[in-house]
Amino acid sequence: MRDRTSLKTNATDAPPSAMAQSLIRLMVIIAFGSFIAMAVPQLTHIARSGKAPGLVVVTGILLFSLAAVATGAFYYALKRLVPFLDSSAQAQATFLDALDTKYADAAILFSAALSLFIELGIIRWQSSILPFFAFYKNFSLLACFVGLGLGYALAARDRIPLVIVLPLLAWQFGFMTFVRCRLDIGRTTVPFSEQLTMGISAGKLSHILLLYGLLAIVFLVTALSFMPVGQLCGRLMERRTKLRAYGLNLLGSLLGVLLMLVASFLWTPPLVWFAVCFFAILLFTFREPSAMTVGLFFAVVCTVVLAWPVNPLWNRVYSPYQLLEIGRSEDTGLTMINAAGSYYQRIFDFSDAQSTRWSKVRGYYDFPYKVHPTLANVAVVGAGTGNDVAAALRSGAGHVEAIEIDPAILMIGQVSHPERPYSDARVHAVVNDARSFLRTTEQRFDLVVYGLLDSHTLLSQGSSVRLDSFVYTVEGLREARARLKPDGALSLSFSILSDALGRKIYLMLREAFDGRSPLCVQAGYDTSVTFLESNDAKWALSPKLVEDAGFRDKTAFYADPSLHADISTDDWPFFYMPQRIYPVSYLIMVFQVLVLSLLIGANFFPEKPRFSHLSFFFLGAGFMLIETKGITEMGLTFGNTWQVIGFVIAGILTMAFLGNCAVQWLRIRRPLAPYLLLLAALAVGWYVARSGGFPSTPLGRLETSIVLTLPLLFSGIVFSTLLSSKGQVSGMIAMNLLGAICGGLLEYNSMYFGFRSLYLIAMGCYVLAFVSELAFPNKDTGELAAASGTIERTPTIA
């Protein structure tokens, strides 16, 4: 084996390797795009100041030229660093190959834990620093998958550039923080016309193009950051037999999920998450002063950027769900909260009944409690910081169940609300998902009040469903109605940003209350409309009450059948899409992901792809689809809290691990029987979903769990069976991750066809996997006989 000194000397004298050239090409593209994006605020400021068009054009040319010059300087610096990059990448591969065999299992496990933990951290951080990432479903996840998949595919190369991970993370952290501070586009623009009711305007064409440019830059830098991590995991997995290595990889992934659960439980900020990642990366870095110095320097840079107070006057809290920013409104002086970068709520003080400053707002909060003569027991769904709860107490409620899913928002209300509603003995605060509470409570209420729930947070990193989506479905409203007393009433208020969304809520309430038309009144606060209906068919609201409150009756408007909208159901819970139309706007983003993925792949693999592992591609796509279906359905069954979703993801990995164990223990050699069982389990799941699912009883929840987990188990058995009979494990994992990217894109079909359709799409993927296995067989040379052993293998150096 060559020593490190000779490696460095040879690398200095030799021309740049293919790996170094590929990295430089992508880094130059990223740098040029970043410099252009950084120049945009200056050009925008000049354009808005009313300067002459000629001056704007000249400034634009000058800024473009400066970006080109900066990129040229960056390229020159990279060329000077090529010898160091080549020698360190080669030394890194040698270091991993020379790792003592007795540490191989631990290295595989902890490298997998690192890859999943940093993946979850990047996904959470990106959506908190730039809010529009919360609307680009799966975008961050797909970028991570591209990088990891590419890394696994390159695991056998003679260079592993782990040294670039921390510099690329520092670049990403700095660039995205700059964009957040200097560009308003992340807060105001989204090009998805199907979901414009989310409060995001379509924006100008120039803004949309800039936004897609930002997405491309972040996608490339994220993928490139994860490539060496994938190489690390794949290289170490080649040190063990395939089934053993895959089992350790799954256990490591499970450990990564559990670590993120712990970080969420402790409300830790990103600095803590990534500090763990920095330490792990340095732990795997080869022991040479130059590489360690670079790693430590950029770890410090990352730490400074992550700790930098974007706005020192605002307190930032990372709840288990989202980033919350607490500060003072400049125009009103009220305490204000931004959730996931978007306005969430102001905290009002209405304790002075004589004050007229906020009379209209107070009237909005007090109005629902005037529609019922007695308020012995009230439930507030989406209690937030306590404005609705305080209104219930001012109206004389005897008991209030305040349901809020985010414990941090609840704590802000407990500490900061001037009326102290949560300190009142009549109030019982419940930290839970609204659907889960309404489904399991035995109480009956005089009034159920829906506060202004409006979450910009996704249910999970692998789902296009937002946290509050299942609250606003016909089934969810029926469960709320079931908790009303015979004469109980339901009040639902929402910021109506399109007439179609108001019509949608009207239709859902009409469906939930057996065809009776709800009363709709417009309050004139935050574009809010309050929808009211009662269990009592004879209930009617006095027109004088509406008139005295200063509200407008909008019932006739939303009852107009010419206003088209489709109701949300548990199968199609896309509340913010007024109509069920195919999300054509999303196809632009899908096309962008595909083009960027092909660009990255072609940059490192100029040769034509081989199809020997094609079955693993379709297995990855199918697994991604049934994973998404499992997360959404289990969250609906047991509650969409962060704990439930976290444990569901951990359970999915556990089922895959059990499938791996079953193949080793039972020595399953042929995948035909597992394939048939998998397809049968998917067919059963589709039939159960089509029939309306199981009842919300302990036995029904158990049956739901079995139906959702069996496909995951059988899929794991199929994967491990094929894994034990083919070539290099890193290549198969790479194809599997690329297939998962395809599955993530196919998941968008649920936005038109509903989540039940994912079963059928997944079945198609698994059929294609079986067919491709027959069409492109590639048997290995006898590893199956040693599948349960401890044979060590030295990776082939390409």
# chains A, B, ... in the order shown; residues from 1 in each chain; ligands from 1
$ residues_around --residues "Val165 of chain A" --least-positions-apart "5" --cutoff "10 Å" --atoms "only C-alpha atoms" --output "list of chain:residue names"
A:Ala170, A:Trp171, A:Val221, A:Thr222, A:Leu224, A:Ser225, A:Phe226, A:Met227, A:Pro228, A:Val229, A:Phe278, A:Ile281, A:Gly295, A:Phe298, A:Ala299
$ residues_around --residues "Met735 of chain A" --least-positions-apart "6" --cutoff "9 Å" --atoms "only C-alpha atoms" --output "NGL selection string"
:A and (149-150 or 152-153 or 613-618 or 620)
$ residues_around --residues "segment 174-182 of chain A" --least-positions-apart "2" --cutoff "9 Å" --atoms "only C-alpha atoms" --output "PyMOL selection string"
chain A and resi 34+37-38+41+126+129-130+169-172+184-187+214+218+301-302+305-306+310-311
$ atom_distance --atom1 "atom CA of Phe284 of chain A" --atom2 "atom CA of Phe110 of chain A"
9.7 Å
$ closest_residue --among "A:Phe297, A:Tyr76, A:Phe32, A:Phe139" --to "Leu166 of chain A" --atoms "only C-alpha atoms"
A:Phe297
$ select_by_dssp --residues "segment 405-507 of chain A" --states "alpha helix (DSSP H)" --output "JSON, numbers by chain"
{"A": [407, 408, 409, 410, 411, 412, 413, 414, 415, 416, 434, 435, 436, 437, 438, 439, 440, 474, 475, 476, 477, 478, 479, 480, 481, 482, 499, 500, 501, 502, 503, 504, 505, 506, 507]}
$ write_last_selection --atoms "N, CA, C and O atoms" --output "compact mmCIF listing (two decimals), in the first residue's frame"
# COMPACT_ATOMS: atom_id res chain seq x y z
N PRO A 407 -46.30 22.70 21.23
CA PRO A 407 -46.10 23.08 22.64
C PRO A 407 -45.41 24.42 22.80
O PRO A 407 -45.61 25.11 23.80
N ALA A 408 -44.60 24.81 21.81
CA ALA A 408 -43.91 26.09 21.92
C ALA A 408 -44.88 27.26 21.78
O ALA A 408 -44.80 28.24 22.52
N ILE A 409 -45.82 27.16 20.85
CA ILE A 409 -46.84 28.21 20.70
C ILE A 409 -47.67 28.31 21.97
O ILE A 409 -48.00 29.41 22.44
N LEU A 410 -48.03 27.16 22.53
CA LEU A 410 -48.81 27.16 23.77
C LEU A 410 -48.03 27.83 24.90
O LEU A 410 -48.57 28.63 25.66
N MET A 411 -46.73 27.54 24.99
CA MET A 411 -45.92 28.14 26.04
C MET A 411 -45.81 29.65 25.86
O MET A 411 -45.82 30.41 26.85
N ILE A 412 -45.70 30.10 24.62
CA ILE A 412 -45.65 31.55 24.37
C ILE A 412 -46.91 32.21 24.90
O ILE A 412 -46.87 33.27 25.53
N GLY A 413 -48.06 31.58 24.65
CA GLY A 413 -49.31 32.11 25.17
C GLY A 413 -49.36 32.10 26.68
O GLY A 413 -49.85 33.05 27.31
N GLN A 414 -48.86 31.03 27.28
CA GLN A 414 -48.87 30.94 28.75
C GLN A 414 -48.01 32.02 29.38
O GLN A 414 -48.35 32.54 30.45
N VAL A 415 -46.93 32.37 28.73
CA VAL A 415 -45.99 33.34 29.30
C VAL A 415 -46.33 34.77 28.91
O VAL A 415 -46.22 35.70 29.72
N SER A 416 -46.77 34.98 27.66
CA SER A 416 -46.84 36.34 27.11
C SER A 416 -48.23 36.93 27.01
O SER A 416 -48.35 38.15 26.83
N ALA A 434 -55.60 17.93 16.68
CA ALA A 434 -57.04 18.18 16.85
C ALA A 434 -57.87 16.95 16.51
O ALA A 434 -58.80 16.59 17.24
N ARG A 435 -57.55 16.28 15.41
CA ARG A 435 -58.31 15.09 15.02
C ARG A 435 -58.20 14.00 16.08
O ARG A 435 -59.18 13.33 16.41
N SER A 436 -57.00 13.82 16.59
CA SER A 436 -56.80 12.78 17.61
C SER A 436 -57.60 13.09 18.87
O SER A 436 -58.22 12.20 19.47
N PHE A 437 -57.63 14.37 19.29
CA PHE A 437 -58.39 14.74 20.48
C PHE A 437 -59.88 14.52 20.27
O PHE A 437 -60.56 13.91 21.11
N LEU A 438 -60.41 15.00 19.14
CA LEU A 438 -61.84 14.89 18.89
C LEU A 438 -62.27 13.43 18.73
O LEU A 438 -63.39 13.06 19.08
N ARG A 439 -61.37 12.61 18.23
CA ARG A 439 -61.70 11.21 18.02
C ARG A 439 -61.72 10.42 19.32
O ARG A 439 -62.46 9.44 19.46
N THR A 440 -60.91 10.81 20.29
CA THR A 440 -60.74 10.00 21.49
C THR A 440 -61.45 10.56 22.72
O THR A 440 -61.68 9.82 23.68
N VAL A 474 -63.90 16.61 5.33
CA VAL A 474 -65.28 16.29 5.70
C VAL A 474 -65.30 15.33 6.88
O VAL A 474 -66.09 15.51 7.83
N GLU A 475 -64.41 14.33 6.86
CA GLU A 475 -64.38 13.37 7.97
C GLU A 475 -63.99 14.04 9.28
O GLU A 475 -64.54 13.72 10.34
N GLY A 476 -63.04 15.00 9.22
CA GLY A 476 -62.64 15.71 10.42
C GLY A 476 -63.77 16.55 10.99
O GLY A 476 -63.98 16.61 12.21
N LEU A 477 -64.53 17.22 10.13
CA LEU A 477 -65.66 18.02 10.59
C LEU A 477 -66.78 17.14 11.15
O LEU A 477 -67.47 17.53 12.10
N ARG A 478 -66.95 15.97 10.58
CA ARG A 478 -67.95 15.04 11.13
C ARG A 478 -67.56 14.57 12.52
O ARG A 478 -68.42 14.41 13.40
N GLU A 479 -66.27 14.35 12.74
CA GLU A 479 -65.83 13.96 14.07
C GLU A 479 -66.04 15.08 15.07
O GLU A 479 -66.38 14.83 16.24
N ALA A 480 -65.85 16.33 14.65
CA ALA A 480 -66.13 17.47 15.53
C ALA A 480 -67.62 17.55 15.83
O ALA A 480 -68.03 17.79 16.99
N ARG A 481 -68.45 17.34 14.83
CA ARG A 481 -69.89 17.38 15.04
C ARG A 481 -70.33 16.29 16.02
O ARG A 481 -71.23 16.50 16.84
N ALA A 482 -69.68 15.12 15.94
CA ALA A 482 -70.03 14.01 16.83
C ALA A 482 -69.76 14.33 18.30
O ALA A 482 -70.30 13.66 19.19
N ASP A 499 -62.30 33.26 -3.25
CA ASP A 499 -63.71 32.91 -3.10
C ASP A 499 -63.91 31.40 -3.17
O ASP A 499 -64.79 30.85 -2.50
N ALA A 500 -63.10 30.72 -3.98
CA ALA A 500 -63.25 29.27 -4.12
C ALA A 500 -62.94 28.55 -2.81
O ALA A 500 -63.56 27.54 -2.49
N LEU A 501 -62.00 29.08 -2.03
CA LEU A 501 -61.69 28.45 -0.75
C LEU A 501 -62.87 28.60 0.21
O LEU A 501 -63.20 27.67 0.95
N GLY A 502 -63.51 29.78 0.22
CA GLY A 502 -64.69 29.96 1.05
C GLY A 502 -65.81 29.02 0.64
O GLY A 502 -66.50 28.44 1.49
N ARG A 503 -66.01 28.87 -0.66
CA ARG A 503 -67.02 27.92 -1.17
C ARG A 503 -66.68 26.49 -0.73
O ARG A 503 -67.56 25.71 -0.38
N LYS A 504 -65.41 26.17 -0.71
CA LYS A 504 -64.99 24.83 -0.32
C LYS A 504 -65.36 24.54 1.13
O LYS A 504 -65.88 23.47 1.45
N ILE A 505 -65.08 25.49 2.03
CA ILE A 505 -65.43 25.29 3.44
C ILE A 505 -66.94 25.18 3.59
O ILE A 505 -67.44 24.35 4.37
N TYR A 506 -67.66 26.01 2.87
CA TYR A 506 -69.13 25.95 2.90
C TYR A 506 -69.62 24.56 2.51
O TYR A 506 -70.47 23.97 3.19
N LEU A 507 -69.08 24.00 1.44
CA LEU A 507 -69.52 22.69 0.97
C LEU A 507 -69.15 21.59 1.96
O LEU A 507 -69.93 20.65 2.17
$ closest_residue --among "A:Leu452, A:Ala397, A:Val272, A:Val767" --to "Gly384 of chain A" --atoms "only C-alpha atoms"
A:Leu452
$ closest_atom_pairs --of "segment 230-275 of chain A" --to "segment 322-344 of chain A" --cutoff "10 Å" --atoms "only C-alpha atoms" --output "CSV"
residue,atom,partner,partner_atom,distance
A:Ser264,CA,A:Gln322,CA,9.9
A:Trp267,CA,A:Gln322,CA,9.9
A:Pro269,CA,A:Leu323,CA,9.0
$ residues_around --residues "Val448 of chain A" --least-positions-apart "2" --cutoff "9 Å" --atoms "only C-alpha atoms" --output "list in words"
Asn377, Val378, Ala379, Val380, Val381, Phe445, Asp446, Tyr450, Ala480, Arg481, Arg483, Leu484, Gly488, Ala489, Leu490, Ser491 and Leu492 of chain A
$ write_last_selection --atoms "N, CA, C and O atoms" --output "PDB file, in the first residue's frame"
ATOM      1  N   ASN A 377     -69.444  23.978  28.369  1.00  0.00           N
ATOM      2  CA  ASN A 377     -68.233  23.264  27.947  1.00  0.00           C
ATOM      3  C   ASN A 377     -67.903  23.661  26.513  1.00  0.00           C
ATOM      4  O   ASN A 377     -68.720  23.501  25.610  1.00  0.00           O
ATOM      5  N   VAL A 378     -66.704  24.206  26.322  1.00  0.00           N
ATOM      6  CA  VAL A 378     -66.284  24.732  25.021  1.00  0.00           C
ATOM      7  C   VAL A 378     -64.958  24.088  24.642  1.00  0.00           C
ATOM      8  O   VAL A 378     -64.088  23.894  25.495  1.00  0.00           O
ATOM      9  N   ALA A 379     -64.806  23.766  23.363  1.00  0.00           N
ATOM     10  CA  ALA A 379     -63.526  23.288  22.837  1.00  0.00           C
ATOM     11  C   ALA A 379     -63.007  24.284  21.816  1.00  0.00           C
ATOM     12  O   ALA A 379     -63.739  24.689  20.913  1.00  0.00           O
ATOM     13  N   VAL A 380     -61.752  24.691  21.982  1.00  0.00           N
ATOM     14  CA  VAL A 380     -61.098  25.596  21.030  1.00  0.00           C
ATOM     15  C   VAL A 380     -60.035  24.793  20.306  1.00  0.00           C
ATOM     16  O   VAL A 380     -59.053  24.348  20.914  1.00  0.00           O
ATOM     17  N   VAL A 381     -60.244  24.575  19.023  1.00  0.00           N
ATOM     18  CA  VAL A 381     -59.316  23.808  18.200  1.00  0.00           C
ATOM     19  C   VAL A 381     -58.331  24.776  17.558  1.00  0.00           C
ATOM     20  O   VAL A 381     -58.728  25.685  16.839  1.00  0.00           O
ATOM     21  N   PHE A 445     -69.675  18.985  23.832  1.00  0.00           N
ATOM     22  CA  PHE A 445     -69.447  20.418  23.942  1.00  0.00           C
ATOM     23  C   PHE A 445     -70.661  21.209  23.459  1.00  0.00           C
ATOM     24  O   PHE A 445     -71.365  20.803  22.525  1.00  0.00           O
ATOM     25  N   ASP A 446     -70.861  22.332  24.122  1.00  0.00           N
ATOM     26  CA  ASP A 446     -71.874  23.282  23.651  1.00  0.00           C
ATOM     27  C   ASP A 446     -71.390  24.000  22.397  1.00  0.00           C
ATOM     28  O   ASP A 446     -72.197  24.376  21.540  1.00  0.00           O
ATOM     29  N   TYR A 450     -63.102  26.555  15.883  1.00  0.00           N
ATOM     30  CA  TYR A 450     -61.856  26.403  15.145  1.00  0.00           C
ATOM     31  C   TYR A 450     -61.194  27.761  15.040  1.00  0.00           C
ATOM     32  O   TYR A 450     -61.734  28.673  14.408  1.00  0.00           O
ATOM     33  N   ALA A 480     -65.854  16.329  14.647  1.00  0.00           N
ATOM     34  CA  ALA A 480     -66.132  17.466  15.529  1.00  0.00           C
ATOM     35  C   ALA A 480     -67.624  17.548  15.833  1.00  0.00           C
ATOM     36  O   ALA A 480     -68.026  17.793  16.987  1.00  0.00           O
ATOM     37  N   ARG A 481     -68.450  17.339  14.826  1.00  0.00           N
ATOM     38  CA  ARG A 481     -69.893  17.381  15.044  1.00  0.00           C
ATOM     39  C   ARG A 481     -70.327  16.289  16.023  1.00  0.00           C
ATOM     40  O   ARG A 481     -71.231  16.501  16.844  1.00  0.00           O
ATOM     41  N   ARG A 483     -68.923  15.343  18.557  1.00  0.00           N
ATOM     42  CA  ARG A 483     -68.604  15.718  19.932  1.00  0.00           C
ATOM     43  C   ARG A 483     -69.472  16.877  20.426  1.00  0.00           C
ATOM     44  O   ARG A 483     -69.285  17.382  21.531  1.00  0.00           O
ATOM     45  N   LEU A 484     -70.421  17.318  19.617  1.00  0.00           N
ATOM     46  CA  LEU A 484     -71.339  18.373  20.040  1.00  0.00           C
ATOM     47  C   LEU A 484     -72.516  17.784  20.813  1.00  0.00           C
ATOM     48  O   LEU A 484     -72.940  16.647  20.564  1.00  0.00           O
ATOM     49  N   GLY A 488     -75.584  21.635  20.339  1.00  0.00           N
ATOM     50  CA  GLY A 488     -74.275  22.279  20.227  1.00  0.00           C
ATOM     51  C   GLY A 488     -74.037  22.874  18.856  1.00  0.00           C
ATOM     52  O   GLY A 488     -74.648  22.479  17.863  1.00  0.00           O
ATOM     53  N   ALA A 489     -73.133  23.846  18.804  1.00  0.00           N
ATOM     54  CA  ALA A 489     -72.825  24.558  17.559  1.00  0.00           C
ATOM     55  C   ALA A 489     -71.340  24.468  17.256  1.00  0.00           C
ATOM     56  O   ALA A 489     -70.509  24.257  18.147  1.00  0.00           O
ATOM     57  N   LEU A 490     -71.025  24.636  15.990  1.00  0.00           N
ATOM     58  CA  LEU A 490     -69.632  24.610  15.531  1.00  0.00           C
ATOM     59  C   LEU A 490     -69.340  25.924  14.819  1.00  0.00           C
ATOM     60  O   LEU A 490     -70.130  26.405  13.999  1.00  0.00           O
ATOM     61  N   SER A 491     -68.194  26.518  15.146  1.00  0.00           N
ATOM     62  CA  SER A 491     -67.754  27.760  14.522  1.00  0.00           C
ATOM     63  C   SER A 491     -66.376  27.540  13.912  1.00  0.00           C
ATOM     64  O   SER A 491     -65.458  27.075  14.592  1.00  0.00           O
ATOM     65  N   LEU A 492     -66.252  27.851  12.638  1.00  0.00           N
ATOM     66  CA  LEU A 492     -64.972  27.690  11.940  1.00  0.00           C
ATOM     67  C   LEU A 492     -64.621  29.011  11.279  1.00  0.00           C
ATOM     68  O   LEU A 492     -65.367  29.515  10.440  1.00  0.00           O
TER      69      LEU A 492
END
$ residues_around --residues "Leu598 of chain A" --least-positions-apart "6" --cutoff "10 Å" --atoms "only C-alpha atoms" --output "list in words"
Val146, Gln592 and Phe605 of chain A
$ atom_distance --atom1 "atom CA of Met237 of chain A" --atom2 "atom CA of Ile160 of chain A"
14.3 Å
$ atom_distance --atom1 "atom CA of Tyr748 of chain A" --atom2 "atom CA of Tyr675 of chain A"
25.2 Å
$ residues_around --residues "segment 631-637 of chain A" --least-positions-apart "2" --cutoff "9 Å" --atoms "only C-alpha atoms" --output "PyMOL selection string"
chain A and resi 435-436+459-460+462-463+465+470+570+626-629+639-641+644-645+648-649+652+696+701+704-705+708+755
$ write_last_selection --atoms "N, CA and C atoms" --output "PDB file, in the first residue's frame"
ATOM      1  N   ARG A 435     -57.552  16.278  15.409  1.00  0.00           N
ATOM      2  CA  ARG A 435     -58.312  15.095  15.017  1.00  0.00           C
ATOM      3  C   ARG A 435     -58.204  14.003  16.076  1.00  0.00           C
ATOM      4  N   SER A 436     -56.998  13.816  16.594  1.00  0.00           N
ATOM      5  CA  SER A 436     -56.803  12.784  17.610  1.00  0.00           C
ATOM      6  C   SER A 436     -57.604  13.086  18.874  1.00  0.00           C
ATOM      7  N   LEU A 459     -46.308  17.716   6.980  1.00  0.00           N
ATOM      8  CA  LEU A 459     -46.493  16.610   7.909  1.00  0.00           C
ATOM      9  C   LEU A 459     -45.185  15.881   8.150  1.00  0.00           C
ATOM     10  N   SER A 460     -44.397  15.691   7.113  1.00  0.00           N
ATOM     11  CA  SER A 460     -43.086  15.058   7.227  1.00  0.00           C
ATOM     12  C   SER A 460     -42.275  15.438   6.012  1.00  0.00           C
ATOM     13  N   GLY A 462     -41.254  13.619   3.780  1.00  0.00           N
ATOM     14  CA  GLY A 462     -41.591  12.824   2.616  1.00  0.00           C
ATOM     15  C   GLY A 462     -43.029  12.952   2.197  1.00  0.00           C
ATOM     16  N   SER A 463     -43.699  13.992   2.649  1.00  0.00           N
ATOM     17  CA  SER A 463     -45.128  14.108   2.358  1.00  0.00           C
ATOM     18  C   SER A 463     -45.450  15.490   1.842  1.00  0.00           C
ATOM     19  N   VAL A 465     -48.414  16.771   2.323  1.00  0.00           N
ATOM     20  CA  VAL A 465     -49.556  17.182   3.129  1.00  0.00           C
ATOM     21  C   VAL A 465     -49.083  18.113   4.227  1.00  0.00           C
ATOM     22  N   PHE A 470     -55.453  17.561   7.526  1.00  0.00           N
ATOM     23  CA  PHE A 470     -56.442  16.565   7.923  1.00  0.00           C
ATOM     24  C   PHE A 470     -57.463  17.118   8.915  1.00  0.00           C
ATOM     25  N   ASP A 570     -60.291  12.712   3.592  1.00  0.00           N
ATOM     26  CA  ASP A 570     -59.076  12.100   4.112  1.00  0.00           C
ATOM     27  C   ASP A 570     -58.233  11.478   3.002  1.00  0.00           C
ATOM     28  N   ILE A 626     -45.187   3.786  -0.791  1.00  0.00           N
ATOM     29  CA  ILE A 626     -45.903   3.170   0.331  1.00  0.00           C
ATOM     30  C   ILE A 626     -45.439   3.771   1.659  1.00  0.00           C
ATOM     31  N   GLU A 627     -44.218   4.298   1.689  1.00  0.00           N
ATOM     32  CA  GLU A 627     -43.773   5.009   2.891  1.00  0.00           C
ATOM     33  C   GLU A 627     -44.599   6.272   3.087  1.00  0.00           C
ATOM     34  N   THR A 628     -44.806   7.023   2.002  1.00  0.00           N
ATOM     35  CA  THR A 628     -45.615   8.240   2.078  1.00  0.00           C
ATOM     36  C   THR A 628     -47.035   7.914   2.523  1.00  0.00           C
ATOM     37  N   LYS A 629     -47.621   6.887   1.928  1.00  0.00           N
ATOM     38  CA  LYS A 629     -48.972   6.476   2.311  1.00  0.00           C
ATOM     39  C   LYS A 629     -49.008   6.049   3.773  1.00  0.00           C
ATOM     40  N   GLY A 639     -52.706  10.394  15.220  1.00  0.00           N
ATOM     41  CA  GLY A 639     -52.463  11.805  15.510  1.00  0.00           C
ATOM     42  C   GLY A 639     -51.234  12.299  14.769  1.00  0.00           C
ATOM     43  N   ASN A 640     -51.348  13.471  14.158  1.00  0.00           N
ATOM     44  CA  ASN A 640     -50.245  14.023  13.375  1.00  0.00           C
ATOM     45  C   ASN A 640     -49.300  14.841  14.242  1.00  0.00           C
ATOM     46  N   THR A 641     -48.913  14.293  15.380  1.00  0.00           N
ATOM     47  CA  THR A 641     -47.934  14.958  16.228  1.00  0.00           C
ATOM     48  C   THR A 641     -46.539  14.557  15.781  1.00  0.00           C
ATOM     49  N   VAL A 644     -45.586  10.998  16.881  1.00  0.00           N
ATOM     50  CA  VAL A 644     -46.178   9.910  16.097  1.00  0.00           C
ATOM     51  C   VAL A 644     -45.463   9.782  14.759  1.00  0.00           C
ATOM     52  N   ILE A 645     -45.276  10.897  14.048  1.00  0.00           N
ATOM     53  CA  ILE A 645     -44.631  10.843  12.740  1.00  0.00           C
ATOM     54  C   ILE A 645     -43.209  10.325  12.868  1.00  0.00           C
ATOM     55  N   VAL A 648     -43.328   6.655  13.454  1.00  0.00           N
ATOM     56  CA  VAL A 648     -43.756   5.957  12.241  1.00  0.00           C
ATOM     57  C   VAL A 648     -42.576   5.780  11.294  1.00  0.00           C
ATOM     58  N   ILE A 649     -41.771   6.831  11.116  1.00  0.00           N
ATOM     59  CA  ILE A 649     -40.591   6.717  10.264  1.00  0.00           C
ATOM     60  C   ILE A 649     -39.620   5.686  10.837  1.00  0.00           C
ATOM     61  N   ILE A 652     -40.957   2.307  10.047  1.00  0.00           N
ATOM     62  CA  ILE A 652     -40.726   1.914   8.650  1.00  0.00           C
ATOM     63  C   ILE A 652     -39.332   1.321   8.495  1.00  0.00           C
ATOM     64  N   SER A 696     -62.411   3.960  14.209  1.00  0.00           N
ATOM     65  CA  SER A 696     -61.462   4.577  15.146  1.00  0.00           C
ATOM     66  C   SER A 696     -61.612   3.963  16.535  1.00  0.00           C
ATOM     67  N   ARG A 701     -57.528   0.570  15.009  1.00  0.00           N
ATOM     68  CA  ARG A 701     -56.181   1.133  14.847  1.00  0.00           C
ATOM     69  C   ARG A 701     -55.145   0.030  14.695  1.00  0.00           C
ATOM     70  N   THR A 704     -55.430  -1.183  11.162  1.00  0.00           N
ATOM     71  CA  THR A 704     -54.807  -0.211  10.264  1.00  0.00           C
ATOM     72  C   THR A 704     -53.294  -0.354  10.264  1.00  0.00           C
ATOM     73  N   SER A 705     -52.721  -0.525  11.451  1.00  0.00           N
ATOM     74  CA  SER A 705     -51.266  -0.675  11.561  1.00  0.00           C
ATOM     75  C   SER A 705     -50.782  -1.899  10.796  1.00  0.00           C
ATOM     76  N   LEU A 708     -50.946  -1.353   6.975  1.00  0.00           N
ATOM     77  CA  LEU A 708     -49.958  -0.404   6.480  1.00  0.00           C
ATOM     78  C   LEU A 708     -48.530  -0.916   6.586  1.00  0.00           C
ATOM     79  N   PHE A 755     -54.621   9.956  -2.204  1.00  0.00           N
ATOM     80  CA  PHE A 755     -53.586   9.089  -1.643  1.00  0.00           C
ATOM     81  C   PHE A 755     -53.862   7.604  -1.878  1.00  0.00           C
TER      82      PHE A 755
END
$ residues_around --residues "Arg362 of chain A" --least-positions-apart "5" --cutoff "12 Å" --atoms "only C-alpha atoms" --output "list in words"
Ile347, Phe348, Asp349, Phe350, Ser351, Asp352, Ala353, Gln354, Ser355, Thr356, Arg357, Phe367, Pro368, Tyr369, Asn387, Asp388, Ala390, Ala391, Ala392, Arg394, Ser395, Ala523, Gly524, Tyr525, Ala549 and Gly550 of chain A
$ closest_residue --among "A:Tyr246, A:Leu599, A:Gly739, A:Val427" --to "Leu658 of chain A" --atoms "only C-alpha atoms"
A:Tyr246
$ closest_residue --among "A:Pro83, A:Gly252, A:Gly72, A:Gly230" --to "Ser730 of chain A" --atoms "only C-alpha atoms"
A:Gly230
$ closest_residue --among "A:Ser542, A:Thr293, A:Ser562, A:Ser498" --to "Leu519 of chain A" --atoms "only C-alpha atoms"
A:Ser542
$ closest_residue --among "A:Val729, A:Leu758, A:Ile706, A:Ala734" --to "Arg690 of chain A" --atoms "only C-alpha atoms"
A:Leu758
$ select_by_dssp --residues "segment 350-549 of chain A" --states "strand (DSSP E)" --output "ChimeraX atom specification"
/A:378-381,400-404,427-431,445-450,484-495,519-522,528-534
